[in-house]
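Visitor: Sharing run_30.txt, compact mmCIF, C-alpha atoms:
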```
# COMPACT_ATOMS: atom_id res chain seq x y z
CA MET F 1 0.00 0.00 0.00
CA LEU F 2 2.06 2.92 -1.28
CA PRO F 3 0.99 6.46 -0.56
CA GLN F 4 -0.49 8.26 -3.53
CA TYR F 5 2.02 11.07 -3.57
CA THR F 6 4.97 9.02 -4.81
CA VAL F 7 6.38 9.03 -8.31
CA ASP F 8 7.59 5.74 -9.79
CA GLY F 9 7.80 4.12 -6.37
CA VAL F 10 10.39 6.65 -5.21
CA ILE F 11 9.53 9.36 -2.76
CA SER F 12 9.79 12.68 -4.54
CA ILE F 13 10.89 15.84 -2.85
CA LYS F 14 7.38 17.07 -3.67
CA ALA F 15 5.87 14.21 -1.67
CA LEU F 16 7.65 15.19 1.52
CA GLU F 17 7.11 18.90 0.93
CA GLU F 18 3.40 18.35 0.37
CA LYS F 19 3.18 16.17 3.46
CA ILE F 20 4.89 18.85 5.55
CA ILE F 21 2.49 21.49 4.23
CA ARG F 22 -0.57 19.27 4.69
CA GLU F 23 0.26 17.70 8.05
CA GLY F 24 2.93 19.87 9.66
CA THR F 25 2.39 22.77 12.04
CA VAL F 26 4.69 25.67 12.80
CA LEU F 27 4.88 26.39 16.52
CA PRO F 28 6.36 29.42 18.25
CA GLY F 29 10.15 29.21 18.63
CA ASN F 30 10.85 28.03 15.09
CA ILE F 31 9.54 24.55 15.82
CA LEU F 32 8.17 22.60 12.89
CA LYS F 33 5.88 19.95 14.30
CA VAL F 34 5.66 16.83 12.13
CA GLY F 35 4.64 14.47 14.89
CA GLY F 36 1.71 13.24 12.84
CA PHE F 37 3.91 11.29 10.41
CA LEU F 38 7.61 11.51 11.31
CA ASN F 39 8.58 11.67 14.96
CA HIS F 40 5.73 10.83 17.31
CA ARG F 41 3.21 9.00 15.14
CA ILE F 42 5.10 7.36 12.27
CA ASP F 43 3.47 6.85 8.88
CA THR F 44 5.28 3.60 8.14
CA ALA F 45 4.36 3.46 4.44
CA PHE F 46 5.87 6.92 4.00
CA LEU F 47 8.84 6.08 6.20
CA LYS F 48 9.63 3.04 4.07
CA GLU F 49 9.94 5.31 1.06
CA ILE F 50 12.15 7.77 2.90
CA GLY F 51 14.46 4.81 3.52
CA ILE F 52 14.41 3.84 -0.15
CA GLU F 53 15.19 7.41 -1.20
CA ILE F 54 18.14 7.61 1.20
CA ALA F 55 19.42 4.32 -0.24
CA ARG F 56 19.12 5.77 -3.75
CA LEU F 57 21.01 8.95 -2.83
CA TYR F 58 23.88 6.96 -1.29
CA GLU F 59 23.95 4.11 -3.80
CA ASN F 60 27.45 2.84 -4.63
CA THR F 61 29.15 4.91 -1.96
CA GLY F 62 30.36 1.93 0.07
CA VAL F 63 28.38 2.84 3.19
CA ASN F 64 28.56 -0.15 5.54
CA LYS F 65 26.88 1.28 8.63
CA ILE F 66 24.32 3.91 9.58
CA LEU F 67 24.77 6.06 12.67
CA THR F 68 21.90 7.98 14.23
CA ILE F 69 20.94 9.37 17.61
CA GLU F 70 18.06 8.42 19.88
CA ALA F 71 15.14 8.80 19.81
CA SER F 72 13.52 10.23 16.69
CA GLY F 73 16.43 9.41 14.37
CA ILE F 74 16.00 5.68 14.97
CA ALA F 75 12.93 5.10 12.81
CA ILE F 76 14.45 6.80 9.76
CA ALA F 77 17.78 5.07 10.30
CA VAL F 78 16.07 1.67 10.47
CA ALA F 79 14.11 2.40 7.27
CA ALA F 80 17.38 3.35 5.53
CA GLY F 81 19.17 0.36 7.03
CA PHE F 82 16.49 -1.98 5.66
CA ALA F 83 16.77 -0.40 2.20
CA MET F 84 20.59 -0.43 2.21
CA ASN F 85 21.06 -3.79 3.98
CA VAL F 86 23.45 -2.33 6.53
CA PRO F 87 23.33 -2.29 10.34
CA VAL F 88 22.25 0.75 12.31
CA VAL F 89 24.00 2.09 15.40
CA PHE F 90 22.22 4.63 17.51
CA ALA F 91 24.12 6.96 19.81
CA LYS F 92 22.64 7.30 23.28
CA LYS F 93 22.10 10.63 24.96
CA HIS F 94 23.69 9.75 28.27
CA LYS F 95 25.88 7.00 29.63
CA SER F 96 23.27 4.46 30.68
CA SER F 97 23.88 1.49 32.90
CA ASN F 98 23.73 -0.98 30.04
CA VAL F 99 26.48 0.65 27.98
CA GLU F 100 29.42 -1.14 29.49
CA GLY F 101 33.09 -0.50 28.95
CA GLU F 102 34.65 2.11 26.76
CA VAL F 103 32.54 4.56 24.81
CA TYR F 104 33.15 7.33 22.30
CA SER F 105 31.54 10.49 23.61
CA SER F 106 30.90 14.06 22.50
CA SER F 107 28.70 16.84 23.81
CA VAL F 108 25.78 18.29 21.86
CA GLU F 109 23.66 21.37 22.40
CA SER F 110 19.98 20.66 21.76
CA PHE F 111 17.98 23.26 19.87
CA THR F 112 14.61 21.72 20.73
CA HIS F 113 15.21 21.13 24.41
CA ASN F 114 17.64 23.97 25.13
CA THR F 115 20.09 21.72 26.98
CA VAL F 116 23.53 20.18 26.55
CA TYR F 117 23.85 16.41 26.62
CA ASN F 118 26.47 13.76 25.88
CA VAL F 119 26.12 11.44 22.94
CA VAL F 120 27.84 8.13 23.46
CA VAL F 121 28.51 5.07 21.34
CA SER F 122 30.13 1.92 22.62
CA LYS F 123 33.60 1.53 21.04
CA GLU F 124 32.61 -1.99 20.05
CA TYR F 125 30.18 -0.66 17.45
CA LEU F 126 32.39 1.77 15.53
CA SER F 127 35.61 0.63 13.89
CA SER F 128 38.27 2.37 11.85
CA ASP F 129 37.28 0.66 8.60
CA ASP F 130 33.65 1.83 8.82
CA LYS F 131 32.16 4.02 6.10
CA ILE F 132 29.37 5.77 7.95
CA LEU F 133 26.16 7.40 6.81
CA ILE F 134 24.75 9.69 9.51
CA VAL F 135 20.93 9.82 9.54
CA ASP F 136 18.59 12.07 11.47
CA ASP F 137 15.08 13.47 11.25
CA PHE F 138 15.99 17.17 11.52
CA LEU F 139 18.95 19.39 10.72
CA ALA F 140 18.75 22.82 12.36
CA ASN F 141 21.96 24.24 13.81
CA GLY F 142 23.84 21.05 13.02
CA ASN F 143 25.05 20.32 16.53
CA ALA F 144 23.75 16.75 16.69
CA LEU F 145 25.35 15.93 13.33
CA LEU F 146 28.63 17.53 14.36
CA GLY F 147 28.61 15.48 17.56
CA LEU F 148 27.97 12.28 15.63
CA ALA F 149 30.67 13.13 13.07
CA GLU F 150 33.10 13.73 15.92
CA LEU F 151 32.37 10.23 17.28
CA VAL F 152 33.04 8.73 13.86
CA GLU F 153 36.29 10.64 13.42
CA THR F 154 37.46 9.71 16.92
CA ALA F 155 36.93 6.07 15.94
CA GLY F 156 39.15 6.65 12.88
CA ALA F 157 36.22 5.86 10.59
CA GLU F 158 34.95 7.80 7.58
CA VAL F 159 31.79 9.93 7.35
CA VAL F 160 30.50 9.29 3.82
CA GLY F 161 27.72 11.80 4.33
CA ALA F 162 24.50 12.63 6.10
CA ALA F 163 20.88 11.99 5.17
CA ILE F 164 18.25 14.16 6.79
CA ALA F 165 14.49 14.15 6.41
CA ILE F 166 13.91 17.87 7.02
CA GLU F 167 16.53 20.61 7.04
CA LYS F 168 15.72 24.05 8.41
CA GLY F 169 17.55 25.98 5.72
CA PHE F 170 17.12 29.26 7.57
CA GLN F 171 19.37 28.00 10.37
CA CYS F 172 23.11 27.63 10.00
CA GLY F 173 23.59 23.86 10.34
CA GLY F 174 23.43 22.76 6.71
CA GLU F 175 25.70 25.55 5.51
CA LYS F 176 28.20 24.92 8.30
CA LEU F 177 28.44 21.20 7.57
CA ARG F 178 28.64 21.60 3.79
CA LYS F 179 31.40 24.20 4.21
CA LYS F 180 33.34 21.64 6.22
CA GLY F 181 33.10 19.38 3.17
CA MET F 182 30.42 17.02 4.45
CA ARG F 183 27.96 15.68 1.90
CA VAL F 184 24.55 16.52 3.34
CA GLU F 185 21.37 15.31 1.61
CA SER F 186 18.15 16.67 3.03
CA LEU F 187 14.94 15.30 1.55
CA ALA F 188 13.25 18.64 2.13
CA ILE F 189 14.82 21.99 2.98
CA VAL F 190 12.54 24.56 4.58
CA GLU F 191 13.76 27.96 3.42
CA ASN F 192 11.32 30.08 5.39
CA MET F 193 8.48 29.35 7.74
CA THR F 194 5.89 31.28 9.68
CA GLU F 195 2.68 30.09 11.25
CA ASN F 196 0.93 30.74 7.94
CA SER F 197 3.44 29.88 5.24
CA LEU F 198 6.26 27.51 4.34
CA THR F 199 8.66 27.77 1.42
CA PHE F 200 11.16 25.16 0.35
CA ARG F 201 14.59 25.43 -1.27
CA PRO F 202 14.62 23.96 -4.78
CA GLN F 203 16.91 20.94 -5.16
CA ASN F 204 18.04 19.27 -8.37
CA ASN F 205 18.76 15.68 -7.43
CA LYS F 206 15.48 14.79 -5.78
CA MET Q 1 20.33 -11.26 2.64
CA LEU Q 2 18.58 -13.35 5.29
CA PRO Q 3 20.51 -14.59 8.28
CA GLN Q 4 21.34 -18.28 8.17
CA TYR Q 5 19.62 -19.14 11.40
CA THR Q 6 16.06 -18.74 10.13
CA VAL Q 7 13.71 -21.55 9.25
CA ASP Q 8 11.46 -21.15 6.18
CA GLY Q 9 12.01 -17.40 6.10
CA VAL Q 10 10.46 -16.95 9.53
CA ILE Q 11 12.53 -16.20 12.57
CA SER Q 12 12.32 -19.17 14.88
CA ILE Q 13 12.45 -18.91 18.61
CA LYS Q 14 15.68 -20.88 18.28
CA ALA Q 15 17.16 -18.13 16.11
CA LEU Q 16 16.69 -15.46 18.74
CA GLU Q 17 17.73 -17.78 21.56
CA GLU Q 18 20.89 -18.73 19.70
CA LYS Q 19 21.64 -15.11 18.94
CA ILE Q 20 21.22 -14.18 22.60
CA ILE Q 21 23.56 -16.99 23.64
CA ARG Q 22 26.12 -16.18 20.94
CA GLU Q 23 26.08 -12.38 21.12
CA GLY Q 24 24.51 -11.45 24.46
CA THR Q 25 26.32 -10.82 27.73
CA VAL Q 26 24.98 -11.03 31.26
CA LEU Q 27 26.11 -8.07 33.38
CA PRO Q 28 25.86 -7.67 37.14
CA GLY Q 29 22.40 -6.50 38.28
CA ASN Q 30 20.42 -8.92 36.08
CA ILE Q 31 21.20 -6.94 32.94
CA LEU Q 32 21.19 -8.87 29.69
CA LYS Q 33 23.23 -6.88 27.21
CA VAL Q 34 22.16 -7.41 23.61
CA GLY Q 35 23.51 -4.11 22.32
CA GLY Q 36 25.35 -5.91 19.54
CA PHE Q 37 22.18 -6.70 17.60
CA LEU Q 38 19.06 -5.30 19.28
CA ASN Q 39 19.32 -2.02 21.15
CA HIS Q 40 22.53 -0.14 20.42
CA ARG Q 41 23.85 -1.68 17.21
CA ILE Q 42 20.88 -3.08 15.28
CA ASP Q 43 21.24 -6.11 13.02
CA THR Q 44 18.70 -4.91 10.46
CA ALA Q 45 18.38 -8.25 8.63
CA PHE Q 46 17.53 -9.91 11.93
CA LEU Q 47 15.27 -7.03 12.99
CA LYS Q 48 13.28 -7.35 9.77
CA GLU Q 49 12.50 -10.94 10.67
CA ILE Q 50 11.50 -10.02 14.20
CA GLY Q 51 8.96 -7.69 12.59
CA ILE Q 52 7.67 -10.45 10.31
CA GLU Q 53 7.32 -12.84 13.25
CA ILE Q 54 5.36 -10.27 15.27
CA ALA Q 55 3.08 -9.77 12.26
CA ARG Q 56 2.56 -13.54 12.07
CA LEU Q 57 1.70 -13.81 15.77
CA TYR Q 58 -0.88 -11.00 15.53
CA GLU Q 59 -2.29 -11.89 12.11
CA ASN Q 60 -6.05 -11.34 11.76
CA THR Q 61 -6.40 -9.63 15.13
CA GLY Q 62 -7.46 -6.29 13.69
CA VAL Q 63 -4.47 -4.37 15.07
CA ASN Q 64 -4.50 -0.93 13.43
CA LYS Q 65 -1.69 0.79 15.35
CA ILE Q 66 1.50 -0.09 17.20
CA LEU Q 67 2.45 1.70 20.40
CA THR Q 68 5.99 1.62 21.78
CA ILE Q 69 8.21 3.74 23.99
CA GLU Q 70 11.39 5.61 23.12
CA ALA Q 71 14.15 4.77 22.55
CA SER Q 72 14.98 1.11 22.07
CA GLY Q 73 11.40 0.03 21.37
CA ILE Q 74 11.24 2.16 18.24
CA ALA Q 75 13.33 -0.05 15.95
CA ILE Q 76 11.29 -3.18 16.73
CA ALA Q 77 8.02 -1.27 16.46
CA VAL Q 78 9.01 0.09 13.04
CA ALA Q 79 9.98 -3.40 11.83
CA ALA Q 80 6.60 -4.71 13.00
CA GLY Q 81 4.81 -1.70 11.54
CA PHE Q 82 6.41 -2.35 8.16
CA ALA Q 83 5.39 -6.01 8.27
CA MET Q 84 1.83 -5.25 9.42
CA ASN Q 85 1.27 -2.08 7.34
CA VAL Q 86 0.14 -0.08 10.34
CA PRO Q 87 1.43 3.20 11.81
CA VAL Q 88 3.65 3.32 14.87
CA VAL Q 89 3.24 5.74 17.77
CA PHE Q 90 6.06 6.06 20.24
CA ALA Q 91 5.46 7.38 23.73
CA LYS Q 92 7.97 9.95 24.91
CA LYS Q 93 9.67 9.78 28.27
CA HIS Q 94 9.00 13.37 29.29
CA LYS Q 95 6.87 16.23 28.07
CA SER Q 96 9.14 17.79 25.49
CA SER Q 97 8.68 21.20 23.95
CA ASN Q 98 7.45 19.81 20.63
CA VAL Q 99 4.56 17.82 22.11
CA GLU Q 100 1.92 20.52 22.07
CA GLY Q 101 -1.53 20.47 23.57
CA GLU Q 102 -3.14 17.69 25.49
CA VAL Q 103 -1.32 14.46 26.21
CA TYR Q 104 -2.11 11.14 27.81
CA SER Q 105 0.42 10.53 30.57
CA SER Q 106 1.35 7.80 33.04
CA SER Q 107 4.34 7.25 35.27
CA VAL Q 108 6.75 4.33 34.90
CA GLU Q 109 9.48 2.99 37.12
CA SER Q 110 12.58 2.05 35.10
CA PHE Q 111 14.35 -1.17 36.02
CA THR Q 112 17.46 -0.38 33.98
CA HIS Q 113 17.92 3.19 35.07
CA ASN Q 114 16.44 3.00 38.57
CA THR Q 115 14.30 6.10 38.09
CA VAL Q 116 10.66 7.11 37.64
CA TYR Q 117 9.64 8.94 34.49
CA ASN Q 118 6.47 10.01 32.72
CA VAL Q 119 5.43 8.44 29.44
CA VAL Q 120 3.34 10.74 27.31
CA VAL Q 121 1.47 10.41 24.03
CA SER Q 122 -0.26 13.28 22.31
CA LYS Q 123 -4.04 12.76 22.43
CA GLU Q 124 -4.12 13.30 18.68
CA TYR Q 125 -2.41 9.97 18.08
CA LEU Q 126 -4.60 7.62 20.14
CA SER Q 127 -8.31 7.35 19.53
CA SER Q 128 -11.09 5.30 21.07
CA ASP Q 129 -11.50 3.06 18.02
CA ASP Q 130 -7.83 2.01 18.00
CA LYS Q 131 -6.87 -1.63 18.39
CA ILE Q 132 -3.35 -1.37 19.75
CA LEU Q 133 -0.39 -3.72 19.74
CA ILE Q 134 2.20 -2.70 22.32
CA VAL Q 135 5.79 -3.48 21.27
CA ASP Q 136 9.01 -3.28 23.24
CA ASP Q 137 12.47 -4.80 23.28
CA PHE Q 138 12.42 -6.06 26.87
CA LEU Q 139 9.86 -7.18 29.42
CA ALA Q 140 11.21 -7.36 32.98
CA ASN Q 141 8.97 -6.13 35.77
CA GLY Q 142 6.35 -5.00 33.26
CA ASN Q 143 6.16 -1.38 34.36
CA ALA Q 144 6.74 0.13 30.92
CA LEU Q 145 4.05 -2.10 29.41
CA LEU Q 146 1.62 -1.30 32.21
CA GLY Q 147 2.21 2.41 31.66
CA LEU Q 148 1.60 2.06 27.94
CA ALA Q 149 -1.54 -0.03 28.52
CA GLU Q 150 -2.79 2.66 30.89
CA LEU Q 151 -2.39 5.29 28.15
CA VAL Q 152 -4.37 3.13 25.74
CA GLU Q 153 -7.14 2.52 28.25
CA THR Q 154 -7.34 6.20 29.14
CA ALA Q 155 -7.86 6.90 25.44
CA GLY Q 156 -10.74 4.41 25.46
CA ALA Q 157 -8.89 2.20 22.98
CA GLU Q 158 -8.25 -1.54 23.12
CA VAL Q 159 -4.98 -3.32 23.89
CA VAL Q 160 -4.99 -6.35 21.59
CA GLY Q 161 -1.75 -7.59 23.09
CA ALA Q 162 1.95 -7.06 23.49
CA ALA Q 163 4.91 -8.26 21.44
CA ILE Q 164 8.28 -8.35 23.15
CA ALA Q 165 11.65 -9.42 21.83
CA ILE Q 166 13.10 -10.69 25.11
CA GLU Q 167 11.21 -11.40 28.32
CA LYS Q 168 13.04 -11.94 31.58
CA GLY Q 169 10.88 -14.81 32.79
CA PHE Q 170 12.49 -14.77 36.22
CA GLN Q 171 11.02 -11.32 36.88
CA CYS Q 172 7.35 -10.76 37.60
CA GLY Q 173 6.28 -8.66 34.60
CA GLY Q 174 5.11 -11.36 32.20
CA GLU Q 175 3.16 -13.22 34.86
CA LYS Q 176 1.58 -10.02 36.17
CA LEU Q 177 0.41 -8.91 32.72
CA ARG Q 178 -0.89 -12.35 31.67
CA LYS Q 179 -2.82 -12.63 34.95
CA LYS Q 180 -4.50 -9.33 34.11
CA GLY Q 181 -5.65 -10.99 30.88
CA MET Q 182 -3.23 -9.33 28.49
CA ARG Q 183 -1.98 -11.42 25.59
CA VAL Q 184 1.82 -11.20 25.82
CA GLU Q 185 3.97 -12.77 23.12
CA SER Q 186 7.68 -12.78 23.84
CA LEU Q 187 9.94 -14.08 21.08
CA ALA Q 188 12.34 -15.42 23.70
CA ILE Q 189 11.79 -15.89 27.43
CA VAL Q 190 14.91 -16.13 29.56
CA GLU Q 191 14.08 -18.45 32.45
CA ASN Q 192 17.38 -18.17 34.27
CA MET Q 193 20.61 -16.35 33.66
CA THR Q 194 24.00 -16.06 35.29
CA GLU Q 195 27.25 -14.77 33.86
CA ASN Q 196 27.96 -18.28 32.61
CA SER Q 197 24.62 -19.75 31.61
CA LEU Q 198 21.26 -18.90 30.08
CA THR Q 199 18.17 -21.08 29.92
CA PHE Q 200 14.99 -20.34 28.02
CA ARG Q 201 11.35 -21.19 28.70
CA PRO Q 202 9.95 -23.58 26.08
CA GLN Q 203 7.10 -22.07 24.01
CA ASN Q 204 4.73 -23.91 21.71
CA ASN Q 205 3.65 -21.32 19.16
CA LYS Q 206 7.06 -20.11 18.01
```
Here is a file; write its structure as structure tokens.
Guide:
Amino acid sequence: MLPQYTVDGVISIKALEEKIIREGTVLPGNILKVGGFLNHRIDTAFLKEIGIEIARLYENTGVNKILTIEASGIAIAVAAGFAMNVPVVFAKKHKSSNVEGEVYSSSVESFTHNTVYNVVVSKEYLSSDDKILIVDDFLANGNALLGLAELVETAGAEVVGAAIAIEKGFQCGGEKLRKKGMRVESLAIVENMTENSLTFRPQNNK
Amino acid sequence: MLPQYTVDGVISIKALEEKIIREGTVLPGNILKVGGFLNHRIDTAFLKEIGIEIARLYENTGVNKILTIEASGIAIAVAAGFAMNVPVVFAKKHKSSNVEGEVYSSSVESFTHNTVYNVVVSKEYLSSDDKILIVDDFLANGNALLGLAELVETAGAEVVGAAIAIEKGFQCGGEKLRKKGMRVESLAIVENMTENSLTFRPQNNK
């Protein structure tokens, strides 16, 4: 049962943009609420196609592992992992009692929650020959992605790129990461948003 | 690329048991660490089959929505949601700034983290005609499942049952929930565990 807004079985940038316009809500504080399909209630048929589109964008790049961060990155990472046939590792937001032994750790400032937290990955699950795709639901100021990239680099592994569902193009994260040379693919880039209007940045490859 | 330990394309209880024995570690404090394939690094090929097995167990039950709890329940819930073609809702562990409006809330005592937290679901995403399957990675003392079931009941919806990857049969959760009349399907039930040995409870339908 594929959603009607797809083209040739592949999610089009239009599909996600239309879904954001139809089902998203802009809240005060530059928050784009997409809890109805992406990060609280998950439209699994749509999510499956997001995974397929990420796999298409990173085809033949040698990615052997996906890295994301709990909690809302996990669903998208799993969808991409299914489509790419690679394992998913999710970074945890604090050192919990069931992460034993040595961990890679970096600190991240959260835009949504206005706090600083540690992201940790057990050293067992990142190795120096990994070619990593970083996946997340949102890219705003880029701090979560930078923290994840730092973990990968500390492990001596390679960041092949990042795949994001929704980038807030009016914040600095995407520009900052691309200037550092990171390949960043965002399925939709919101250029401007107010409570009454949303505009998207045109993209050629989607 | 299916793992070799499956039988007829369906994950067998043996497959998960063998994977727990081969890749799991028992840590002090009754913690069974399965971070290598289930809840830190995710073996996506194996996860896909967990989803298919959950779909098989709850075939023709009318389930129209899966409810889980962040973070490590999400991957399994998404795999099951893909296999069952139903949406997934994940409860959040605190009222975050992007859950607007009214929420259903209940409090849960965490075995792993030795804390009490609130689980919340936006009222928009549970409705009284829902037939809910609750999914999680672990069942120990059953508090998370009870909290989720409470949310569903508050919404006036029906809990069709629960699907769990690993139940700690030596803790009271499974017994408590089944005595209350909840259908609980655990893909593997650990009967006893020490740092050197693991035994599983025999099950007929898996």
Visitor: Kindly provide, as lines of an AutoDock Vina configuration file, the centre and edge lengths (Å, one decimal) of an axis-aligned box around all atoms of stretch 34-45 of chain Q given in the file, with 3 Å on each side.
Guide:
```
center_x = 21.9
center_y = -4.2
center_z = 16.1
size_x = 13.0
size_y = 14.1
size_z = 21.0
```
Visitor: Can you build me a table of chain F residues sitting at most 6 Å from chain Q, with the closest atom pair per residue and its distance in Å to one decimal, using all atoms listed in the file, sorted by chain and residue number, as a Markdown table?
Guide:
```
| residue | atom | partner | partner_atom | distance |
| --- | --- | --- | --- | --- |
| F:His40 | CA | Q:Phe90 | CA | 5.6 |
| F:Arg41 | CA | Q:Val89 | CA | 4.2 |
| F:Ile42 | CA | Q:Val88 | CA | 5.0 |
| F:Asp43 | CA | Q:Pro87 | CA | 5.1 |
| F:Thr44 | CA | Q:Pro87 | CA | 5.3 |
| F:Glu70 | CA | Q:Ala71 | CA | 6.0 |
| F:Ala71 | CA | Q:Ala71 | CA | 5.0 |
| F:Pro87 | CA | Q:Asp43 | CA | 5.1 |
| F:Val88 | CA | Q:Ile42 | CA | 5.0 |
| F:Val89 | CA | Q:Arg41 | CA | 4.2 |
| F:Phe90 | CA | Q:His40 | CA | 5.6 |
```
Visitor: In Å to one decimal, how far is atom CA of F:Gly142 from atom CA of F:Thr25?
Guide: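 One can read the atom CA of F:Thr25 to atom CA of F:Gly142 distance as 21.5 Å.
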Visitor: Please report the interatomic distance between atom CA of F:Leu57 and atom CA of F:Val120 in Å with one decimal.
Guide: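 Computed distance, atom CA of F:Leu57 to atom CA of F:Val120, equals 27.2 Å.
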Visitor: Kindly give the distance, in Å, that separates atom CA of Q:Ser127 and atom CA of Q:Glu185, rounded to a single decimal.
Guide: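 Computed distance, atom CA of Q:Ser127 to atom CA of Q:Glu185, equals 23.8 Å.
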Visitor: Q:Ile134, Q:Leu139, Q:Ile50, Q:Val152: which is nearest Q:Glu167, counting all atoms listed in the file?
Guide: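 Smallest distance to Q:Glu167 is found for Q:Leu139.
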Visitor: Between F:Ala149, F:Val108, F:Val63, F:Ala144, which residue has the minimum interatomic distance to F:Asp130, considering all atoms listed in the file?
Guide: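 Ranked by minimum distance to F:Asp130, first place goes to F:Val63.
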